[in-house]
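Peer 1: Contents of start.pdb (PDB, C-alpha atoms and all ligand atoms) are given next:
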MODEL        1
ATOM      1  CA  MET A1279     -17.514   2.642  -4.825
ATOM      2  CA  ASN A1280     -20.159   4.145  -2.569
ATOM      3  CA  PRO A1281     -18.491   4.814   0.778
ATOM      4  CA  ASP A1282     -21.847   5.319   2.548
ATOM      5  CA  THR A1283     -22.748   1.645   2.425
ATOM      6  CA  LEU A1284     -19.304   0.293   3.352
ATOM      7  CA  LEU A1285     -18.239  -0.594   6.875
ATOM      8  CA  ALA A1286     -14.659   0.578   6.295
ATOM      9  CA  ILE A1287     -11.994   1.084   3.634
ATOM     10  CA  ASP A1288      -8.816  -0.960   3.839
ATOM     11  CA  ILE A1289      -6.108   1.133   2.183
ATOM     12  CA  HIS A1290      -3.400  -1.549   2.159
ATOM     13  CA  THR A1291      -3.837  -5.048   0.716
ATOM     14  CA  HIS A1292      -1.485  -7.148  -1.396
ATOM     15  CA  LEU A1293      -1.853  -9.502  -4.304
ATOM     16  CA  GLU A1294       0.929 -12.071  -4.062
ATOM     17  CA  THR A1295      -0.173 -14.674  -6.540
ATOM     18  CA  SER A1296      -1.016 -14.246 -10.208
ATOM     19  CA  CYS A1297      -3.673 -16.060 -12.199
ATOM     20  CA  ARG A1298      -2.111 -14.910 -15.464
ATOM     21  CA  ASN A1299       1.651 -15.274 -15.263
ATOM     22  CA  PRO A1300       3.118 -18.700 -14.940
ATOM     23  CA  PHE A1301       4.642 -18.937 -11.454
ATOM     24  CA  ASP A1302       8.194 -17.567 -11.428
ATOM     25  CA  ASN A1303      10.122 -19.597  -8.894
ATOM     26  CA  TYR A1304      13.253 -17.464  -9.219
ATOM     27  CA  GLY A1305      13.906 -15.985  -5.778
ATOM     28  CA  GLU A1306      11.449 -18.336  -4.132
ATOM     29  CA  GLU A1307      13.731 -18.413  -1.075
ATOM     30  CA  TYR A1308      12.355 -14.931  -0.225
ATOM     31  CA  ASP A1309       8.843 -16.429  -0.077
ATOM     32  CA  ARG A1310       9.923 -19.325   2.125
ATOM     33  CA  ALA A1311      11.763 -16.976   4.524
ATOM     34  CA  ALA A1312       8.679 -14.738   4.646
ATOM     35  CA  ASP A1313       6.403 -17.740   5.292
ATOM     36  CA  LYS A1314       8.603 -18.636   8.221
ATOM     37  CA  TYR A1315       8.762 -15.087   9.576
ATOM     38  CA  PHE A1316       5.031 -14.441   9.236
ATOM     39  CA  LYS A1317       4.050 -18.035  10.114
ATOM     40  CA  SER A1318       1.733 -18.127   7.109
ATOM     41  CA  SER A1319       1.899 -19.146   3.469
ATOM     42  CA  ARG A1320      -1.584 -18.013   2.486
ATOM     43  CA  ARG A1321      -1.637 -16.176  -0.858
ATOM     44  CA  PRO A1322      -5.204 -15.727  -2.062
ATOM     45  CA  THR A1323      -5.987 -14.988  -5.714
ATOM     46  CA  ILE A1324      -7.549 -11.713  -6.759
ATOM     47  CA  ASP A1325     -10.996 -13.336  -7.105
ATOM     48  CA  GLU A1326     -10.756 -14.809  -3.608
ATOM     49  CA  THR A1327      -9.716 -11.413  -2.258
ATOM     50  CA  VAL A1328     -12.642  -9.644  -3.936
ATOM     51  CA  ALA A1329     -15.113 -12.251  -2.644
ATOM     52  CA  TYR A1330     -13.738 -11.982   0.877
ATOM     53  CA  TYR A1331     -13.929  -8.177   1.019
ATOM     54  CA  ARG A1332     -17.388  -8.102  -0.516
ATOM     55  CA  GLN A1333     -18.587 -10.530   2.118
ATOM     56  CA  GLN A1334     -17.038  -8.304   4.835
ATOM     57  CA  ASN A1335     -18.538  -5.189   3.188
ATOM     58  CA  ILE A1336     -15.139  -3.488   3.347
ATOM     59  CA  GLY A1337     -13.799  -1.520   0.397
ATOM     60  CA  PHE A1338     -10.141  -2.203  -0.374
ATOM     61  CA  VAL A1339      -7.122  -0.872  -2.198
ATOM     62  CA  ASN A1340      -5.016  -3.604  -3.771
ATOM     63  CA  PHE A1341      -1.530  -3.680  -5.280
ATOM     64  CA  THR A1342       1.503  -5.795  -5.938
ATOM     65  CA  VAL A1343       5.178  -4.855  -5.485
ATOM     66  CA  ASP A1344       7.290  -4.614  -8.641
ATOM     67  CA  ALA A1345      10.864  -5.323  -7.534
ATOM     68  CA  GLU A1346      12.116  -6.884 -10.766
ATOM     69  CA  SER A1347      15.438  -5.068 -10.706
ATOM     70  CA  GLN A1348      16.559  -6.017  -7.201
ATOM     71  CA  LEU A1349      14.951  -9.479  -6.939
ATOM     72  CA  GLY A1350      15.238 -10.531 -10.583
ATOM     73  CA  ARG A1351      11.781 -11.941 -10.344
ATOM     74  CA  ARG A1352       8.881 -11.400 -12.711
ATOM     75  CA  ARG A1353       6.253  -9.122 -11.236
ATOM     76  CA  ILE A1354       2.522  -9.642 -11.098
ATOM     77  CA  SER A1355       1.131  -7.349 -13.773
ATOM     78  CA  ASN A1356      -0.527  -4.097 -12.789
ATOM     79  CA  GLU A1357      -3.162  -4.859 -15.417
ATOM     80  CA  GLU A1358      -4.285  -7.975 -13.560
ATOM     81  CA  ILE A1359      -5.138  -5.807 -10.553
ATOM     82  CA  ALA A1360      -6.449  -2.802 -12.482
ATOM     83  CA  GLU A1361      -8.810  -4.908 -14.577
ATOM     84  CA  ALA A1362     -10.140  -6.691 -11.482
ATOM     85  CA  ALA A1363     -10.887  -3.268  -9.955
ATOM     86  CA  LEU A1364     -12.672  -2.170 -13.131
ATOM     87  CA  ALA A1365     -14.763  -5.350 -12.965
ATOM     88  CA  ASN A1366     -15.540  -4.887  -9.235
ATOM     89  CA  PRO A1367     -15.833  -1.133  -8.763
ATOM     90  CA  ASP A1368     -18.251  -1.464  -5.827
ATOM     91  CA  ILE A1369     -15.555  -2.891  -3.569
ATOM     92  CA  MET A1370     -12.062  -2.594  -5.086
ATOM     93  CA  ILE A1371      -9.604   0.161  -6.032
ATOM     94  CA  ALA A1372      -6.335  -0.554  -7.861
ATOM     95  CA  PHE A1373      -2.971   0.983  -7.078
ATOM     96  CA  GLY A1374      -0.030   0.373  -9.395
ATOM     97  CA  SER A1375       3.498  -0.630  -8.495
ATOM     98  CA  ILE A1376       6.408   0.164 -10.759
ATOM     99  CA  ASP A1377      10.046  -0.493  -9.989
ATOM    100  CA  PRO A1378      11.672   2.975  -9.856
ATOM    101  CA  HIS A1379      14.709   1.508 -11.639
ATOM    102  CA  LYS A1380      12.523   1.579 -14.778
ATOM    103  CA  GLY A1381      12.972   5.373 -14.902
ATOM    104  CA  LYS A1382      11.157   7.089 -17.759
ATOM    105  CA  MET A1383       9.822   3.816 -19.121
ATOM    106  CA  GLY A1384       8.203   3.271 -15.726
ATOM    107  CA  ALA A1385       6.777   6.787 -15.791
ATOM    108  CA  ARG A1386       5.160   6.044 -19.164
ATOM    109  CA  GLU A1387       3.609   2.930 -17.707
ATOM    110  CA  ALA A1388       2.324   4.891 -14.705
ATOM    111  CA  ARG A1389       0.678   7.460 -16.955
ATOM    112  CA  ARG A1390      -1.012   4.751 -18.981
ATOM    113  CA  LEU A1391      -2.256   2.965 -15.860
ATOM    114  CA  VAL A1392      -3.792   6.169 -14.521
ATOM    115  CA  GLN A1393      -5.283   7.362 -17.793
ATOM    116  CA  ASP A1394      -6.486   4.110 -19.344
ATOM    117  CA  LEU A1395      -7.020   1.724 -16.432
ATOM    118  CA  ASP A1396      -8.248   4.000 -13.654
ATOM    119  CA  VAL A1397      -5.351   3.229 -11.305
ATOM    120  CA  ARG A1398      -5.776   5.618  -8.348
ATOM    121  CA  GLY A1399      -2.396   5.551  -6.623
ATOM    122  CA  PHE A1400       0.923   3.725  -6.325
ATOM    123  CA  LYS A1401       2.777   1.521  -3.872
ATOM    124  CA  PHE A1402       6.511   1.609  -3.174
ATOM    125  CA  HIS A1403       8.689  -0.642  -1.048
ATOM    126  CA  PRO A1404      12.141   0.981  -0.769
ATOM    127  CA  THR A1405      13.650  -2.020   1.036
ATOM    128  CA  VAL A1406      12.435  -4.669  -1.398
ATOM    129  CA  GLN A1407      12.773  -2.457  -4.491
ATOM    130  CA  GLY A1408      16.276  -1.411  -3.399
ATOM    131  CA  PHE A1409      16.163   2.371  -3.712
ATOM    132  CA  GLU A1410      16.423   5.461  -1.570
ATOM    133  CA  PRO A1411      13.073   7.227  -1.772
ATOM    134  CA  ALA A1412      14.573  10.592  -2.748
ATOM    135  CA  ASP A1413      16.866   9.091  -5.434
ATOM    136  CA  LYS A1414      16.450  11.083  -8.668
ATOM    137  CA  MET A1415      15.944   7.785 -10.457
ATOM    138  CA  ALA A1416      12.387   7.701  -9.067
ATOM    139  CA  TRP A1417      11.507  11.281  -9.984
ATOM    140  CA  PRO A1418       9.952  10.663 -13.425
ATOM    141  CA  LEU A1419       7.533   8.316 -11.680
ATOM    142  CA  TYR A1420       6.817  10.805  -8.880
ATOM    143  CA  GLU A1421       6.172  13.538 -11.472
ATOM    144  CA  VAL A1422       3.281  11.553 -12.909
ATOM    145  CA  ILE A1423       1.842  10.855  -9.455
ATOM    146  CA  ASN A1424       2.259  14.484  -8.394
ATOM    147  CA  GLU A1425       0.675  15.768 -11.584
ATOM    148  CA  HIS A1426      -2.448  13.686 -10.925
ATOM    149  CA  LYS A1427      -2.351  14.523  -7.169
ATOM    150  CA  LEU A1428      -2.515  10.834  -6.331
ATOM    151  CA  PRO A1429      -1.554   8.922  -3.189
ATOM    152  CA  ALA A1430       1.665   6.916  -3.000
ATOM    153  CA  ILE A1431       2.033   4.370  -0.221
ATOM    154  CA  PHE A1432       5.594   3.741   0.962
ATOM    155  CA  HIS A1433       6.483   0.777   3.121
ATOM    156  CA  SER A1434       8.246   2.016   6.258
ATOM    157  CA  GLY A1435      10.157   0.510   9.161
ATOM    158  CA  HIS A1436      11.207  -3.072   9.658
ATOM    159  CA  SER A1437      10.462  -5.607   6.941
ATOM    160  CA  GLY A1438       9.632  -9.263   7.253
ATOM    161  CA  ILE A1439      10.957  -9.746   3.720
ATOM    162  CA  GLY A1440      14.561 -10.916   3.920
ATOM    163  CA  SER A1441      14.300 -11.446   7.700
ATOM    164  CA  GLY A1442      16.417 -14.375   8.807
ATOM    165  CA  MET A1443      18.038 -14.860   5.386
ATOM    166  CA  ARG A1444      21.812 -14.813   5.023
ATOM    167  CA  GLY A1445      22.765 -11.112   4.997
ATOM    168  CA  GLY A1446      19.073 -10.281   5.245
ATOM    169  CA  GLY A1447      18.742 -11.377   1.606
ATOM    170  CA  GLY A1448      20.773  -8.274   0.685
ATOM    171  CA  LEU A1449      17.809  -6.010   1.491
ATOM    172  CA  ARG A1450      18.388  -2.686   3.254
ATOM    173  CA  LEU A1451      16.100  -1.685   6.105
ATOM    174  CA  GLN A1452      17.648   1.805   6.121
ATOM    175  CA  TYR A1453      15.821   2.697   2.877
ATOM    176  CA  SER A1454      12.531   2.413   4.777
ATOM    177  CA  ASN A1455      13.330   5.090   7.327
ATOM    178  CA  PRO A1456      10.376   7.454   6.863
ATOM    179  CA  MET A1457      12.590  10.547   7.225
ATOM    180  CA  LEU A1458      13.974   9.703   3.761
ATOM    181  CA  LEU A1459      10.551  10.712   2.422
ATOM    182  CA  GLU A1460      11.062  14.316   3.485
ATOM    183  CA  ASP A1461      12.775  15.411   0.261
ATOM    184  CA  VAL A1462      10.075  13.635  -1.746
ATOM    185  CA  ALA A1463       7.340  15.503   0.162
ATOM    186  CA  ILE A1464       9.091  18.823  -0.439
ATOM    187  CA  ASN A1465       9.667  18.331  -4.147
ATOM    188  CA  PHE A1466       6.277  16.726  -4.887
ATOM    189  CA  PRO A1467       3.874  18.627  -2.632
ATOM    190  CA  ASP A1468       0.750  17.445  -4.477
ATOM    191  CA  MET A1469       1.657  13.780  -4.136
ATOM    192  CA  GLN A1470      -0.097  12.404  -1.069
ATOM    193  CA  ILE A1471       2.532  10.289   0.665
ATOM    194  CA  VAL A1472       1.232   7.510   2.890
ATOM    195  CA  ILE A1473       3.789   6.127   5.341
ATOM    196  CA  ALA A1474       2.736   2.521   5.728
ATOM    197  CA  HIS A1475       2.753   0.649   9.023
ATOM    198  CA  PRO A1476       3.958   1.614  12.467
ATOM    199  CA  SER A1477       7.464   2.666  11.371
ATOM    200  CA  TRP A1478       9.393   0.861  14.084
ATOM    201  CA  PRO A1479      12.293   1.467  14.778
ATOM    202  CA  TRP A1480      11.545   4.990  13.468
ATOM    203  CA  GLN A1481       8.053   5.707  14.777
ATOM    204  CA  ASP A1482       8.859   9.193  16.036
ATOM    205  CA  GLU A1483      10.381  10.188  12.680
ATOM    206  CA  ALA A1484       7.100   9.268  10.963
ATOM    207  CA  LEU A1485       5.007  11.271  13.427
ATOM    208  CA  SER A1486       7.265  14.316  13.203
ATOM    209  CA  LEU A1487       7.197  14.253   9.405
ATOM    210  CA  ALA A1488       3.397  13.947   9.281
ATOM    211  CA  LEU A1489       2.992  16.827  11.728
ATOM    212  CA  HIS A1490       5.229  19.005   9.597
ATOM    213  CA  LYS A1491       4.113  18.168   6.049
ATOM    214  CA  PRO A1492       0.395  18.171   5.239
ATOM    215  CA  ASN A1493       0.889  15.821   2.265
ATOM    216  CA  ILE A1494       2.052  13.049   4.604
ATOM    217  CA  TRP A1495      -0.394  10.442   5.911
ATOM    218  CA  ILE A1496       0.094   7.297   7.991
ATOM    219  CA  ASP A1497      -1.530   3.914   7.466
ATOM    220  CA  LEU A1498      -1.864   1.506  10.367
ATOM    221  CA  SER A1499      -1.363  -1.719   8.443
ATOM    222  CA  GLY A1500       0.855  -4.688   9.127
ATOM    223  CA  TRP A1501       0.549  -4.843  12.909
ATOM    224  CA  SER A1502      -2.280  -5.761  15.203
ATOM    225  CA  PRO A1503      -3.354  -2.500  16.911
ATOM    226  CA  LYS A1504      -2.631  -4.292  20.198
ATOM    227  CA  TYR A1505       1.077  -3.714  19.607
ATOM    228  CA  PHE A1506       1.024  -0.097  18.374
ATOM    229  CA  PRO A1507       3.551   2.211  20.069
ATOM    230  CA  PRO A1508       1.677   4.506  22.503
ATOM    231  CA  GLN A1509       2.781   7.703  20.762
ATOM    232  CA  LEU A1510       1.221   6.506  17.509
ATOM    233  CA  VAL A1511      -2.152   6.051  19.218
ATOM    234  CA  GLN A1512      -1.751   9.382  20.994
ATOM    235  CA  TYR A1513      -1.137  11.388  17.785
ATOM    236  CA  ALA A1514      -3.799   9.449  15.870
ATOM    237  CA  ASN A1515      -6.272  10.505  18.561
ATOM    238  CA  THR A1516      -5.289  14.166  18.413
ATOM    239  CA  LEU A1517      -3.122  16.191  16.011
ATOM    240  CA  LEU A1518      -3.075  13.607  13.216
ATOM    241  CA  LYS A1519      -6.648  12.351  13.463
ATOM    242  CA  ASP A1520      -7.437  13.500   9.907
ATOM    243  CA  ARG A1521      -4.456  11.777   8.302
ATOM    244  CA  VAL A1522      -4.329   8.311   9.816
ATOM    245  CA  LEU A1523      -5.784   5.428   7.827
ATOM    246  CA  PHE A1524      -6.980   1.887   8.373
ATOM    247  CA  GLY A1525      -4.981  -0.715   6.475
ATOM    248  CA  SER A1526      -4.572  -4.375   7.213
ATOM    249  CA  ASP A1527      -1.723  -5.630   4.973
ATOM    250  CA  PHE A1528      -4.016  -8.496   3.921
ATOM    251  CA  PRO A1529      -3.370 -11.413   3.520
ATOM    252  CA  LEU A1530      -0.847 -11.012   6.342
ATOM    253  CA  ILE A1531      -3.483  -9.707   8.749
ATOM    254  CA  SER A1532      -7.195 -10.067   8.073
ATOM    255  CA  PRO A1533      -9.275  -6.892   8.398
ATOM    256  CA  ASP A1534     -11.716  -8.538  10.811
ATOM    257  CA  ARG A1535      -8.914  -9.395  13.214
ATOM    258  CA  TRP A1536      -7.410  -5.916  12.822
ATOM    259  CA  MET A1537     -10.760  -4.222  13.487
ATOM    260  CA  LYS A1538     -11.441  -6.381  16.521
ATOM    261  CA  ASP A1539      -8.099  -5.447  18.093
ATOM    262  CA  PHE A1540      -8.570  -1.796  17.045
ATOM    263  CA  GLU A1541     -11.656  -1.573  19.256
ATOM    264  CA  GLU A1542      -9.523  -2.166  22.330
ATOM    265  CA  ALA A1543      -6.339  -0.298  21.431
ATOM    266  CA  GLY A1544      -7.128   3.049  23.055
ATOM    267  CA  PHE A1545      -8.529   4.986  20.087
ATOM    268  CA  LYS A1546     -11.228   7.569  20.862
ATOM    269  CA  ASP A1547     -14.737   6.718  19.709
ATOM    270  CA  ALA A1548     -14.962  10.011  17.817
ATOM    271  CA  VAL A1549     -11.739   9.229  15.936
ATOM    272  CA  LYS A1550     -12.456   5.608  14.981
ATOM    273  CA  PRO A1551     -14.764   6.425  12.026
ATOM    274  CA  LEU A1552     -12.166   8.840  10.648
ATOM    275  CA  ILE A1553      -9.491   6.156  10.674
ATOM    276  CA  LEU A1554     -11.740   3.369   9.428
ATOM    277  CA  LYS A1555     -13.286   5.230   6.523
ATOM    278  CA  ASP A1556     -13.621   9.017   6.388
ATOM    279  CA  ASN A1557      -9.934   9.831   5.924
ATOM    280  CA  ALA A1558      -9.641   7.264   3.128
ATOM    281  CA  VAL A1559     -12.716   8.709   1.413
ATOM    282  CA  ARG A1560     -10.929  12.076   1.295
ATOM    283  CA  LEU A1561      -7.547  10.664   0.279
ATOM    284  CA  LEU A1562      -9.057   8.598  -2.543
ATOM    285  CA  GLY A1563     -11.410  11.340  -3.695
ATOM    286  CA  LEU A1564     -14.490   9.134  -3.283
ATOM    287  CA  ARG A1565     -17.926  10.657  -3.403
ATOM    288  CA  SER A1566     -20.959   9.850  -1.375
ATOM    289  CA  GLY A1567     -23.367   7.829  -3.494
ATOM    290  CA  GLY A1568     -20.627   6.212  -5.570
ATOM    291  CA  THR A1569     -18.023   6.880  -8.281
ATOM    292  CA  ALA A1570     -14.730   8.617  -7.710
ATOM    293  CA  ALA A1571     -14.355  12.349  -8.086
ATOM    294  CA  ALA A1572     -12.030  11.808 -11.023
ATOM    295  CA  THR A1573     -13.810  10.452 -14.074
ATOM    296  CA  ALA A1574     -11.841   7.638 -15.529
ATOM    297  CA  ALA A1575     -11.623   6.630 -19.148
ATOM    298  CA  PRO A1576     -13.264   3.320 -20.038
ATOM    299  CA  PRO A1577     -10.927   0.330 -19.934
ATOM    300  CA  ALA A1578      -8.757  -0.043 -23.002
ATOM    301  CA  VAL A1579      -8.318  -3.752 -22.442
ATOM    302  CA  PRO A1580     -11.170  -6.260 -22.116
ATOM    303  CA  PRO A1581     -11.453  -8.169 -18.817
ATOM    304  CA  PRO A1582      -9.328 -11.307 -18.620
ATOM    305  CA  ALA A1583     -10.525 -14.673 -19.847
ATOM    306  CA  ALA A1584     -10.770 -17.541 -17.366
ATOM    307  CA  PRO A1585      -7.441 -17.527 -15.530
ATOM    308  CA  ALA A1586      -5.127 -20.480 -15.255
ATOM    309  CA  GLN A1587      -3.940 -21.205 -11.736
ATOM    310  CA  PRO A1588      -0.227 -20.743 -11.163
TER     311      PRO A1588
HETATM  312 ZN    ZN B   1       2.573  -3.490   2.083
ENDMDL
END
Starting from the file, give its structure as structure tokens.
Ligand SMILES: [Zn+2]
Peer 2:
Amino acid sequence: MNPDTLLAIDIHTHLETSCRNPFDNYGEEYDRAADKYFKSSRRPTIDETVAYYRQQNIGFVNFTVDAESQLGRRRISNEEIAEAALANPDIMIAFGSIDPHKGKMGAREARRLVQDLDVRGFKFHPTVQGFEPADKMAWPLYEVINEHKLPAIFHSGHSGIGSGMRGGGGLRLQYSNPMLLEDVAINFPDMQIVIAHPSWPWQDEALSLALHKPNIWIDLSGWSPKYFPPQLVQYANTLLKDRVLFGSDFPLISPDRWMKDFEEAGFKDAVKPLILKDNAVRLLGLRSGGTAAATAAPPAVPPPAAPAQP
């Protein structure tokens, strides 16, 4: 990926439909509740996502959420995403997602994804995966991420998943309080922790933590910038201008809509390019002219054959 020629880098996009696994309808009620909450049921395939971002000339980080333990539902494979990134290195970067309940087995998978498939970071969703971020259960996984000095994006704040379901679908919002990341940041100081989204109802906790711990970043995904809390814009313009990142949460919000609203949300002109691209270039270790700073091993697995639609 050559950052010079890209308009922006979107650090936060999801793959929510697989072209490899047969569709697993177990737990489909979570999808229907989310469709209702987000007023959308759009779930583009990986090829559609790549084509869209290439047309927009926006680089993107893509991942799934492995929550097999709490939801009982088969995940989308990390390989599907990693191999798409290897096939489209001009525009796409893969992050992995491993359910922390997988313990050491999950840590082995993480190591393999980084070493063999050029995965450049990981995504966690404490509410949907059902774990407290500092739970020792997740430490073998964090050790791998810390060792490779990689970013880890953690969902924070309210979640649309489970919203409106009986008992909130059993999902705990409290696990996504960003202050729970403090012990993780202390024990894994080389892991670059990205607090995803405006962290409402804990926005001030996120800002305080980022001010205090240099390995904490904030991504601005999931909300239109029109609705950002004023203190988030204020700190992004000043003390945190080097650690705030553009993310959309695609397909929930499209990057073109996000960027349009961003123009009018009170960000300083001098800070906008940092948020849209420069900070992500540093976080991801990208180099001007192309290729990542880290040299990745060639793919161990050949690219997928023609996928079957779910
Ligand atoms: Zn997300």
Peer 1: Can you measure atom CA of A:Gly1381 to atom CA of A:Ala1488 for me? One decimal in Å is fine.
Peer 2: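 Between atom CA of A:Gly1381 and atom CA of A:Ala1488 the gap is 27.4 Å.
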Peer 1: My list of candidates is A:Val1397, A:Ala1286, A:Met1537, A:Met1279. Which is closest to A:Asp1556 when distances are computed with all atoms listed in the file?
Peer 2: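 Using all atoms listed in the file, the shortest distance to A:Asp1556 belongs to A:Ala1286.
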Peer 1: Step by step: start from the point (8.5, -7.3, -4.1) in the file's coordinates, keep every protein, DNA or RNA residue that has an atom no farther than 7 Å from it, count all atoms listed in the file, and write the set as a PyMOL selection string.
Peer 2: chain A and resi 1343-1345+1406-1407
Peer 1: Show me which residues are within 12 Å of ligand ZN 1 (chain B) counting only C-alpha atoms and all ligand atoms, and format the list as a VMD selection string.
Peer 2: chain A and resid 1288 to 1294 1339 to 1344 1373 1375 1400 to 1406 1430 to 1439 1454 1472 to 1476 1497 to 1501 1525 to 1531
Peer 1: For the file shown, what are the residues hit by the PyMOL selection byres (((chain A and resi 1317-1324) around 8) and not hetatm), laid out as a list of chain:residue names?
Peer 2: A:Leu1293, A:Glu1294, A:Thr1295, A:Ser1296, A:Cys1297, A:Ala1312, A:Asp1313, A:Lys1314, A:Tyr1315, A:Phe1316, A:Asp1325, A:Glu1326, A:Thr1327, A:Val1328, A:Ile1359, A:Ala1362, A:Pro1529, A:Leu1530
Peer 1: Keeping only C-alpha atoms, take the residues you just selected and write them out as a JSON list (two decimals), in the coordinates of the input.
Peer 2:
[["chain", "number", "residue", "atom", "x", "y", "z"],
["A", 1293, "LEU", "CA", -1.85, -9.50, -4.30],
["A", 1294, "GLU", "CA", 0.93, -12.07, -4.06],
["A", 1295, "THR", "CA", -0.17, -14.67, -6.54],
["A", 1296, "SER", "CA", -1.02, -14.25, -10.21],
["A", 1297, "CYS", "CA", -3.67, -16.06, -12.20],
["A", 1312, "ALA", "CA", 8.68, -14.74, 4.65],
["A", 1313, "ASP", "CA", 6.40, -17.74, 5.29],
["A", 1314, "LYS", "CA", 8.60, -18.64, 8.22],
["A", 1315, "TYR", "CA", 8.76, -15.09, 9.58],
["A", 1316, "PHE", "CA", 5.03, -14.44, 9.24],
["A", 1325, "ASP", "CA", -11.00, -13.34, -7.10],
["A", 1326, "GLU", "CA", -10.76, -14.81, -3.61],
["A", 1327, "THR", "CA", -9.72, -11.41, -2.26],
["A", 1328, "VAL", "CA", -12.64, -9.64, -3.94],
["A", 1359, "ILE", "CA", -5.14, -5.81, -10.55],
["A", 1362, "ALA", "CA", -10.14, -6.69, -11.48],
["A", 1529, "PRO", "CA", -3.37, -11.41, 3.52],
["A", 1530, "LEU", "CA", -0.85, -11.01, 6.34]]
Peer 1: Near A:Trp1536, within 7 Å and counting only C-alpha atoms, which residues show up once chain neighbours fewer than 3 positions away are dropped, as a list of chain:residue names?
Peer 2: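 In the requested format, the answer is A:Ser1502, A:Pro1503, A:Ser1526, A:Ile1531, A:Ser1532, A:Pro1533, A:Asp1539, A:Phe1540.
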Peer 1: Could you check which of A:Leu1517, A:Met1443, A:Tyr1330, A:Val1522 is closest to A:Val1559, using all atoms listed in the file?
Peer 2: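 Smallest distance to A:Val1559 is found for A:Val1522.
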Peer 1: Nearest residue to A:Val1511 out of A:Lys1546, A:Asp1534, A:Asn1493, A:Asp1377, using all atoms listed in the file?
Peer 2: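 With all atoms listed in the file as the atom set, the closest residue is A:Lys1546.
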Peer 1: Please, what distance in Å, to one decimal, runs between atom CA of A:Glu1460 and atom CA of A:Asp1396?
Peer 2: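 If I compute the distance from atom CA of A:Glu1460 to atom CA of A:Asp1396, I get 27.8 Å.
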Peer 1: In Å, how far is it from atom CA of A:Phe1506 to atom CA of A:Arg1444?
Peer 2: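 Going from atom CA of A:Phe1506 over to atom CA of A:Arg1444 covers 28.8 Å.
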Peer 1: Which is closer to A:Asn1356 than all the others in A:Gly1374, A:Gly1544, A:Pro1411, A:Gly1384, using all atoms listed in the file?
Peer 2: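 Closest residue, counting all atoms listed in the file: A:Gly1374.
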Peer 1: For A:Lys1382, list every protein, DNA or RNA residue within 7 Å, evaluated using all atoms listed in the file, and leave out those in the same chain fewer than 3 positions away; present the list as a list in words.
Peer 2: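 My list of contacting residues is Ala1385, Arg1386 and Pro1418 of chain A.
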Peer 1: Identify the residues around (-11.3, -0.9, -6.8) within a radius of 8 Å, measuring from all atoms listed in the file in the coordinates stated by the file, and give them as number ranges by chain.
Peer 2: A: 1279, 1337-1340, 1360, 1362-1364, 1366-1372
Peer 1: Output the selection as a short mmCIF file (atom, residue, chain, number, x, y, z; two decimals), in the frame of the given file - C-alpha atoms for each residue.
Peer 2:
data_model
loop_
_atom_site.label_atom_id
_atom_site.label_comp_id
_atom_site.auth_asym_id
_atom_site.auth_seq_id
_atom_site.Cartn_x
_atom_site.Cartn_y
_atom_site.Cartn_z
CA MET A 1279 -17.51 2.64 -4.82
CA GLY A 1337 -13.80 -1.52 0.40
CA PHE A 1338 -10.14 -2.20 -0.37
CA VAL A 1339 -7.12 -0.87 -2.20
CA ASN A 1340 -5.02 -3.60 -3.77
CA ALA A 1360 -6.45 -2.80 -12.48
CA ALA A 1362 -10.14 -6.69 -11.48
CA ALA A 1363 -10.89 -3.27 -9.96
CA LEU A 1364 -12.67 -2.17 -13.13
CA ASN A 1366 -15.54 -4.89 -9.24
CA PRO A 1367 -15.83 -1.13 -8.76
CA ASP A 1368 -18.25 -1.46 -5.83
CA ILE A 1369 -15.56 -2.89 -3.57
CA MET A 1370 -12.06 -2.59 -5.09
CA ILE A 1371 -9.60 0.16 -6.03
CA ALA A 1372 -6.34 -0.55 -7.86
#
Peer 1: Please write the residues picked by the PyMOL selection byres (((chain A and resi 1300-1307) around 8) and not hetatm) on this file as a list of chain:residue names.
Peer 2: A:Ser1296, A:Cys1297, A:Arg1298, A:Asn1299, A:Tyr1308, A:Asp1309, A:Arg1310, A:Ala1311, A:Leu1349, A:Gly1350, A:Arg1351, A:Arg1352, A:Pro1588
Peer 1: Which of these, A:Leu1449, A:Leu1419, A:Leu1518, A:Leu1561, has the shortest distance to A:Gln1348 once you count all atoms listed in the file?
Peer 2: A:Leu1449
Peer 1: Using the structure just given, write a file holding C-alpha atoms for stretch 1338-1358 of chain A, as a CSV table (one decimal), in the first residue's frame.
Peer 2:
chain,number,residue,atom,x,y,z
A,1338,PHE,CA,-8.8,0.2,4.4
A,1339,VAL,CA,-8.3,-2.2,7.3
A,1340,ASN,CA,-10.8,-5.1,7.4
A,1341,PHE,CA,-11.7,-7.6,10.0
A,1342,THR,CA,-14.4,-9.9,11.3
A,1343,VAL,CA,-15.4,-10.5,15.0
A,1344,ASP,CA,-14.9,-14.0,16.3
A,1345,ALA,CA,-17.4,-14.4,19.1
A,1346,GLU,CA,-17.9,-18.2,18.8
A,1347,SER,CA,-17.8,-18.8,22.5
A,1348,GLN,CA,-20.5,-16.3,23.6
A,1349,LEU,CA,-22.7,-16.4,20.5
A,1350,GLY,CA,-22.2,-20.1,19.5
A,1351,ARG,CA,-22.0,-19.0,16.0
A,1352,ARG,CA,-19.4,-20.0,13.4
A,1353,ARG,CA,-17.0,-17.2,12.6
A,1354,ILE,CA,-15.9,-15.9,9.3
A,1355,SER,CA,-12.4,-17.2,8.8
A,1356,ASN,CA,-9.5,-14.9,9.3
A,1357,GLU,CA,-7.9,-16.5,6.3
A,1358,GLU,CA,-10.7,-15.3,4.0
